[in-house]
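Below: the structure, in structure tokens.
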Amino acid sequence: MDRFPWVEVFRGLAILEVVLHHLLGRFLREVSPETLLWLLLAALNRTLHFAVPAFLFLTALVIGASFLRSFSLGRYLGNRSLRLLWPYLLWSGIYLAFRYWDHGVFQLERVPHQLLWGKAYFHLYFLVVALQLTLLLPLFLPMVRRRVHGGWFLLLGLGATLLIYLLNRHYRFLPYPGSFVLWYLPAIALGLYLASRLELLPRFLRLWPLALGLALLGLGLYLPLALEVLQKRPVNTMHYQLAHWLYTTAMVFLLLALAYRLAQTRWQAPMAFLGRYSLQIYLLHPMVMRLLEKNPGFPEPLGLKPAFLIYLLLAFGLPLLLAHLLTRARVSLALFGR
């Protein structure tokens, strides 16, 4: 969306958060849980835990804004199939082969289950949720075009989410709630609301201090529970989810405000460059991290701080370089749908 340079900046910021989050999780396995260092790494890891709501929020905002112009369901589904369904199926196959090479395990009977829930590799569930969102968004076209009152979006974001949570709590119909799009309705509803009033976006973004206060409140409620979960201790799941929804929804608004501001500075070009390759980086970086991890002794003997920086540069830089080269070689569309 050339008219909105902040879109690619937002994607650039979000993919930075993804790689940092996954790297922190990788290094948590190298640190004793009884240490202060583990606690600091775990707290930062859980704080950087809003990428999926962020990307879904942006998708709802961008596609919702397109609803205000012409809309063809056939063209919409065809475009999203190329950009999401094909890369998902292709990279699920690649990662299933990679897992077999890495661990020597392949169970053909589990492949349908893995494809349905995005379990071919740990990060692919996001594309399943994005595909579900593709099917869901046209249902909200009337809400966006009629610019219904914000209360309806609030009811969608809060009421429907709580309903899904309570149904799943009592009937356990979701084996993986994080792989189900309705689990992220607060961020999606916020994106749709802003899409319906896109011309007012600069005015809305002045509310960032309120969003910051809500994010800090949400983090204060969520982080202690998240650390308990990491230590495999029982927590109240309703308290956990409510706090997480509050925190992540406020954070995606703050990320939008930051992207909007950076798009007016010299940071626009480098962050937009990252954003253009966000899907490629997302798909490639876990494989790079695993290949580095399999190399005995590298680079832990250098110590945690330089090791982390080396991993960050390689896990981010190598996928970015490869994505750029594949684009120049004109094969990116076949591999990544873009």
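Residues in the structure tokens are named by chain (A, B, ... in the order shown) and by number from 1 within that chain; ligands are numbered from 1 in the order shown.
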
Taking 6 positions as the minimum chain separation for residues in the same chain, which residues sit within 10 Å of stretch 32-45 of chain A when counting only C-alpha atoms? Answer as a PDB file with C-alpha atoms, in the first residue's frame.
ATOM      1  CA  GLU A  17      10.013  -8.674  17.455  1.00  0.00           C
ATOM      2  CA  LEU A  20      14.061 -11.532  19.018  1.00  0.00           C
ATOM      3  CA  HIS A  21      11.275 -13.475  20.727  1.00  0.00           C
ATOM      4  CA  HIS A  22      12.384 -16.776  19.206  1.00  0.00           C
ATOM      5  CA  LEU A  23      16.050 -16.118  19.933  1.00  0.00           C
ATOM      6  CA  LEU A  24      15.296 -15.379  23.568  1.00  0.00           C
ATOM      7  CA  GLY A  25      13.389 -18.653  23.758  1.00  0.00           C
ATOM      8  CA  ARG A  26      16.373 -20.484  22.284  1.00  0.00           C
ATOM      9  CA  LEU A 223       3.879 -11.085  33.046  1.00  0.00           C
ATOM     10  CA  PRO A 224       3.789 -12.735  36.509  1.00  0.00           C
ATOM     11  CA  ALA A 226       3.361 -15.901  32.050  1.00  0.00           C
ATOM     12  CA  LEU A 227       6.491 -16.563  34.117  1.00  0.00           C
ATOM     13  CA  LEU A 230       7.069 -20.977  31.802  1.00  0.00           C
ATOM     14  CA  GLN A 231       7.991 -22.626  35.097  1.00  0.00           C
TER      15      GLN A 231
END

Quick one: which stretch 167-244 of chain A residues come within 8 Å of stretch 128-149 of chain A, and what is the nearest atom pair for each with the distance in Å to one decimal, counting only C-alpha atoms, rows ordered by chain and ascending number, as a Markdown table?
| residue | atom | partner | partner_atom | distance |
| --- | --- | --- | --- | --- |
| A:Ser179 | CA | A:Val129 | CA | 5.7 |
| A:Phe180 | CA | A:Val129 | CA | 5.8 |
| A:Val181 | CA | A:Val129 | CA | 5.1 |
| A:Leu192 | CA | A:Val144 | CA | 6.7 |
| A:Tyr193 | CA | A:Val144 | CA | 7.1 |
| A:Ala195 | CA | A:Val144 | CA | 7.0 |
| A:Ser196 | CA | A:Val144 | CA | 4.7 |
| A:Arg197 | CA | A:Arg147 | CA | 7.2 |

### Task
Using atom CA of A:Leu156 and atom CA of A:Ala189 as the two end points, give the distance in Å to one decimal.
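Interatomic distance here is 6.4 Å.
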
### Query
stretch 211-215 of chain A: which residues within 9 Å, counting only C-alpha atoms, same-chain residues fewer than 6 positions away excluded, as a list of chain:residue names?
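Within the cut-off, the hits are A:Leu246, A:Tyr247, A:Thr248, A:Thr249, A:Ala250, A:Met251, A:Phe253, A:Leu254.
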
Could you write out that same residue set with N, CA, C and O atoms as a PDB file, in the first residue's frame?
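And here is the file that came out, part_5.pdb:
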ATOM      1  N   LEU A 246      -5.521  -7.877  26.852  1.00  0.00           N
ATOM      2  CA  LEU A 246      -5.375  -6.448  27.134  1.00  0.00           C
ATOM      3  C   LEU A 246      -3.990  -5.965  26.716  1.00  0.00           C
ATOM      4  O   LEU A 246      -3.854  -4.939  26.028  1.00  0.00           O
ATOM      5  N   TYR A 247      -2.956  -6.690  27.123  1.00  0.00           N
ATOM      6  CA  TYR A 247      -1.590  -6.277  26.821  1.00  0.00           C
ATOM      7  C   TYR A 247      -1.324  -6.264  25.319  1.00  0.00           C
ATOM      8  O   TYR A 247      -0.817  -5.269  24.773  1.00  0.00           O
ATOM      9  N   THR A 248      -1.641  -7.349  24.633  1.00  0.00           N
ATOM     10  CA  THR A 248      -1.298  -7.445  23.217  1.00  0.00           C
ATOM     11  C   THR A 248      -2.093  -6.456  22.369  1.00  0.00           C
ATOM     12  O   THR A 248      -1.552  -5.881  21.415  1.00  0.00           O
ATOM     13  N   THR A 249      -3.352  -6.231  22.708  1.00  0.00           N
ATOM     14  CA  THR A 249      -4.157  -5.301  21.925  1.00  0.00           C
ATOM     15  C   THR A 249      -3.639  -3.879  22.090  1.00  0.00           C
ATOM     16  O   THR A 249      -3.551  -3.116  21.110  1.00  0.00           O
ATOM     17  N   ALA A 250      -3.280  -3.512  23.315  1.00  0.00           N
ATOM     18  CA  ALA A 250      -2.695  -2.183  23.526  1.00  0.00           C
ATOM     19  C   ALA A 250      -1.347  -2.067  22.825  1.00  0.00           C
ATOM     20  O   ALA A 250      -1.013  -1.017  22.252  1.00  0.00           O
ATOM     21  N   MET A 251      -0.563  -3.142  22.829  1.00  0.00           N
ATOM     22  CA  MET A 251       0.758  -3.099  22.209  1.00  0.00           C
ATOM     23  C   MET A 251       0.675  -2.952  20.700  1.00  0.00           C
ATOM     24  O   MET A 251       1.502  -2.261  20.092  1.00  0.00           O
ATOM     25  N   PHE A 253      -1.547  -1.372  19.045  1.00  0.00           N
ATOM     26  CA  PHE A 253      -1.866   0.032  18.785  1.00  0.00           C
ATOM     27  C   PHE A 253      -0.614   0.886  18.944  1.00  0.00           C
ATOM     28  O   PHE A 253      -0.354   1.788  18.128  1.00  0.00           O
ATOM     29  N   LEU A 254       0.176   0.622  19.987  1.00  0.00           N
ATOM     30  CA  LEU A 254       1.425   1.356  20.170  1.00  0.00           C
ATOM     31  C   LEU A 254       2.393   1.107  19.023  1.00  0.00           C
ATOM     32  O   LEU A 254       3.102   2.024  18.573  1.00  0.00           O
TER      33      LEU A 254
END

Which residues come within 12 Å of A:Gln114, counting only C-alpha atoms, excluding same-chain residues fewer than 5 positions away, as a short mmCIF file (atom, residue, chain, number, x, y, z; two decimals) with all heavy atoms, in the first residue's frame?
data_model
loop_
_atom_site.label_atom_id
_atom_site.label_comp_id
_atom_site.auth_asym_id
_atom_site.auth_seq_id
_atom_site.Cartn_x
_atom_site.Cartn_y
_atom_site.Cartn_z
N TYR A 88 2.08 -21.64 2.57
CA TYR A 88 1.88 -22.48 3.75
C TYR A 88 2.07 -23.96 3.41
O TYR A 88 2.77 -24.69 4.13
CB TYR A 88 0.49 -22.26 4.34
CG TYR A 88 0.18 -23.26 5.43
CD1 TYR A 88 0.92 -23.25 6.61
CD2 TYR A 88 -0.80 -24.23 5.27
CE1 TYR A 88 0.69 -24.19 7.61
CE2 TYR A 88 -1.05 -25.16 6.26
CZ TYR A 88 -0.30 -25.14 7.42
OH TYR A 88 -0.53 -26.07 8.40
N LEU A 89 1.44 -24.41 2.34
CA LEU A 89 1.57 -25.82 1.96
C LEU A 89 3.01 -26.16 1.58
O LEU A 89 3.54 -27.21 1.98
CB LEU A 89 0.61 -26.15 0.81
CG LEU A 89 -0.88 -26.05 1.15
CD1 LEU A 89 -1.71 -26.26 -0.11
CD2 LEU A 89 -1.27 -27.05 2.23
N SER A 92 5.26 -26.03 4.72
CA SER A 92 4.94 -27.14 5.62
C SER A 92 5.65 -28.40 5.14
O SER A 92 6.24 -29.15 5.94
CB SER A 92 3.43 -27.37 5.68
OG SER A 92 2.77 -26.32 6.34
N GLY A 93 5.62 -28.63 3.83
CA GLY A 93 6.34 -29.77 3.28
C GLY A 93 7.84 -29.66 3.49
O GLY A 93 8.50 -30.65 3.85
N TYR A 95 9.41 -28.04 5.87
CA TYR A 95 9.75 -28.21 7.28
C TYR A 95 9.49 -29.63 7.77
O TYR A 95 10.18 -30.11 8.68
CB TYR A 95 9.02 -27.19 8.15
CG TYR A 95 9.82 -25.91 8.29
CD1 TYR A 95 9.50 -24.77 7.55
CD2 TYR A 95 10.92 -25.85 9.14
CE1 TYR A 95 10.25 -23.61 7.67
CE2 TYR A 95 11.66 -24.69 9.27
CZ TYR A 95 11.34 -23.58 8.53
OH TYR A 95 12.09 -22.43 8.63
N LEU A 96 8.54 -30.33 7.19
CA LEU A 96 8.37 -31.74 7.54
C LEU A 96 9.61 -32.53 7.10
O LEU A 96 10.10 -33.40 7.84
CB LEU A 96 7.12 -32.31 6.88
CG LEU A 96 5.78 -31.91 7.52
CD1 LEU A 96 4.62 -32.36 6.65
CD2 LEU A 96 5.66 -32.49 8.92
N PHE A 106 9.14 -39.14 10.99
CA PHE A 106 8.09 -38.71 10.06
C PHE A 106 6.93 -39.69 10.19
O PHE A 106 7.09 -40.89 10.00
CB PHE A 106 8.60 -38.69 8.62
CG PHE A 106 7.53 -38.30 7.64
CD1 PHE A 106 7.12 -36.99 7.52
CD2 PHE A 106 6.92 -39.27 6.84
CE1 PHE A 106 6.13 -36.63 6.62
CE2 PHE A 106 5.93 -38.91 5.94
CZ PHE A 106 5.53 -37.59 5.83
N GLN A 107 5.75 -39.16 10.54
CA GLN A 107 4.56 -39.99 10.70
C GLN A 107 3.51 -39.53 9.70
O GLN A 107 2.85 -38.50 9.88
CB GLN A 107 4.03 -39.87 12.13
CG GLN A 107 5.01 -40.35 13.19
CD GLN A 107 4.55 -40.03 14.60
OE1 GLN A 107 4.46 -38.87 14.99
NE2 GLN A 107 4.24 -41.07 15.37
N LEU A 108 3.36 -40.28 8.64
CA LEU A 108 2.46 -39.90 7.55
C LEU A 108 1.03 -39.70 8.05
O LEU A 108 0.33 -38.78 7.59
CB LEU A 108 2.49 -40.96 6.46
CG LEU A 108 1.64 -40.70 5.22
CD1 LEU A 108 2.10 -39.42 4.52
CD2 LEU A 108 1.67 -41.89 4.27
N GLU A 109 0.61 -40.52 9.00
CA GLU A 109 -0.77 -40.43 9.48
C GLU A 109 -1.04 -39.12 10.23
O GLU A 109 -2.19 -38.72 10.41
CB GLU A 109 -1.11 -41.63 10.37
CG GLU A 109 -0.39 -41.68 11.71
CD GLU A 109 1.02 -42.28 11.62
OE1 GLU A 109 1.48 -42.52 10.48
OE2 GLU A 109 1.65 -42.49 12.68
N LYS A 119 1.17 -27.42 12.55
CA LYS A 119 2.13 -28.05 13.44
C LYS A 119 3.27 -28.75 12.70
O LYS A 119 3.98 -29.57 13.28
CB LYS A 119 1.41 -29.07 14.34
CG LYS A 119 0.39 -28.43 15.28
CD LYS A 119 1.03 -27.41 16.18
CE LYS A 119 0.03 -26.73 17.09
NZ LYS A 119 0.64 -25.71 17.96
N ALA A 120 3.45 -28.45 11.39
CA ALA A 120 4.60 -29.02 10.69
C ALA A 120 5.90 -28.50 11.29
O ALA A 120 6.92 -29.20 11.28
CB ALA A 120 4.53 -28.68 9.20
N TYR A 121 5.87 -27.27 11.81
CA TYR A 121 6.99 -26.71 12.58
C TYR A 121 6.39 -25.66 13.50
O TYR A 121 5.29 -25.17 13.27
CB TYR A 121 8.05 -26.12 11.65
CG TYR A 121 9.47 -26.30 12.17
CD1 TYR A 121 10.05 -27.56 12.18
CD2 TYR A 121 10.21 -25.24 12.65
CE1 TYR A 121 11.35 -27.75 12.65
CE2 TYR A 121 11.51 -25.41 13.11
CZ TYR A 121 12.06 -26.67 13.12
OH TYR A 121 13.35 -26.86 13.59
N PHE A 122 7.15 -25.29 14.53
CA PHE A 122 6.54 -24.55 15.63
C PHE A 122 5.95 -23.20 15.23
O PHE A 122 5.02 -22.71 15.88
CB PHE A 122 7.55 -24.36 16.77
CG PHE A 122 8.64 -23.36 16.48
CD1 PHE A 122 8.46 -22.01 16.73
CD2 PHE A 122 9.87 -23.77 15.95
CE1 PHE A 122 9.47 -21.09 16.48
CE2 PHE A 122 10.87 -22.86 15.70
CZ PHE A 122 10.67 -21.51 15.94
N HIS A 123 6.46 -22.57 14.17
CA HIS A 123 6.03 -21.22 13.83
C HIS A 123 4.95 -21.16 12.76
O HIS A 123 4.37 -20.09 12.52
CB HIS A 123 7.24 -20.41 13.35
CG HIS A 123 7.85 -20.88 12.07
ND1 HIS A 123 8.17 -22.20 11.85
CD2 HIS A 123 8.18 -20.22 10.92
CE1 HIS A 123 8.69 -22.32 10.63
NE2 HIS A 123 8.69 -21.16 10.06
N LEU A 124 4.65 -22.29 12.12
CA LEU A 124 3.76 -22.26 10.96
C LEU A 124 2.29 -22.10 11.32
O LEU A 124 1.46 -21.86 10.45
CB LEU A 124 3.96 -23.53 10.12
CG LEU A 124 5.32 -23.64 9.42
CD1 LEU A 124 5.46 -24.97 8.71
CD2 LEU A 124 5.54 -22.48 8.47
N TYR A 125 1.96 -22.20 12.61
CA TYR A 125 0.56 -22.03 13.01
C TYR A 125 0.05 -20.64 12.64
O TYR A 125 -1.15 -20.44 12.39
CB TYR A 125 0.38 -22.27 14.51
CG TYR A 125 0.86 -21.14 15.39
CD1 TYR A 125 -0.04 -20.19 15.86
CD2 TYR A 125 2.20 -21.00 15.72
CE1 TYR A 125 0.38 -19.14 16.67
CE2 TYR A 125 2.64 -19.96 16.51
CZ TYR A 125 1.73 -19.04 16.98
OH TYR A 125 2.17 -17.99 17.75
N VAL A 128 -1.72 -20.65 9.38
CA VAL A 128 -3.05 -21.25 9.49
C VAL A 128 -4.05 -20.22 10.01
O VAL A 128 -5.16 -20.08 9.49
CB VAL A 128 -3.01 -22.49 10.42
CG1 VAL A 128 -4.42 -22.93 10.81
CG2 VAL A 128 -2.29 -23.63 9.74
N PRO A 175 -8.06 -28.03 20.32
CA PRO A 175 -6.84 -28.65 20.84
C PRO A 175 -5.69 -27.65 20.95
O PRO A 175 -4.82 -27.79 21.80
CB PRO A 175 -6.53 -29.74 19.82
CG PRO A 175 -7.21 -29.31 18.56
CD PRO A 175 -8.44 -28.56 19.00
N TYR A 176 -5.70 -26.64 20.08
CA TYR A 176 -4.65 -25.60 20.09
C TYR A 176 -5.32 -24.24 19.93
O TYR A 176 -5.49 -23.76 18.81
CB TYR A 176 -3.65 -25.82 18.96
CG TYR A 176 -3.11 -27.23 18.86
CD1 TYR A 176 -3.56 -28.09 17.86
CD2 TYR A 176 -2.16 -27.69 19.76
CE1 TYR A 176 -3.07 -29.38 17.77
CE2 TYR A 176 -1.66 -28.98 19.67
CZ TYR A 176 -2.12 -29.83 18.67
OH TYR A 176 -1.64 -31.10 18.58
N SER A 179 -3.98 -21.63 17.55
CA SER A 179 -4.09 -21.87 16.11
C SER A 179 -5.49 -21.58 15.59
O SER A 179 -5.85 -22.00 14.49
CB SER A 179 -3.73 -23.33 15.79
OG SER A 179 -2.38 -23.60 16.07
#

### Task
Pick out each residue of stretch 119-285 of chain A that DSSP on the backbone tags as helix (DSSP H, G or I); I need them as a PyMOL selection string.
chain A and resi 125-145+150-171+177-179+181-196+198-205+208-230+237-262+268-276+278-285

### Query
If we count only C-alpha atoms, what is near stretch 269-282 of chain A at a cut-off of 9 Å, once residues fewer than 4 positions away on the same chain are taken out, given as a VMD selection string?
chain A and resid 5 to 16 18 to 19 123 259 262 to 263 265 286 315 to 320 322 to 324 332 335 to 336 338
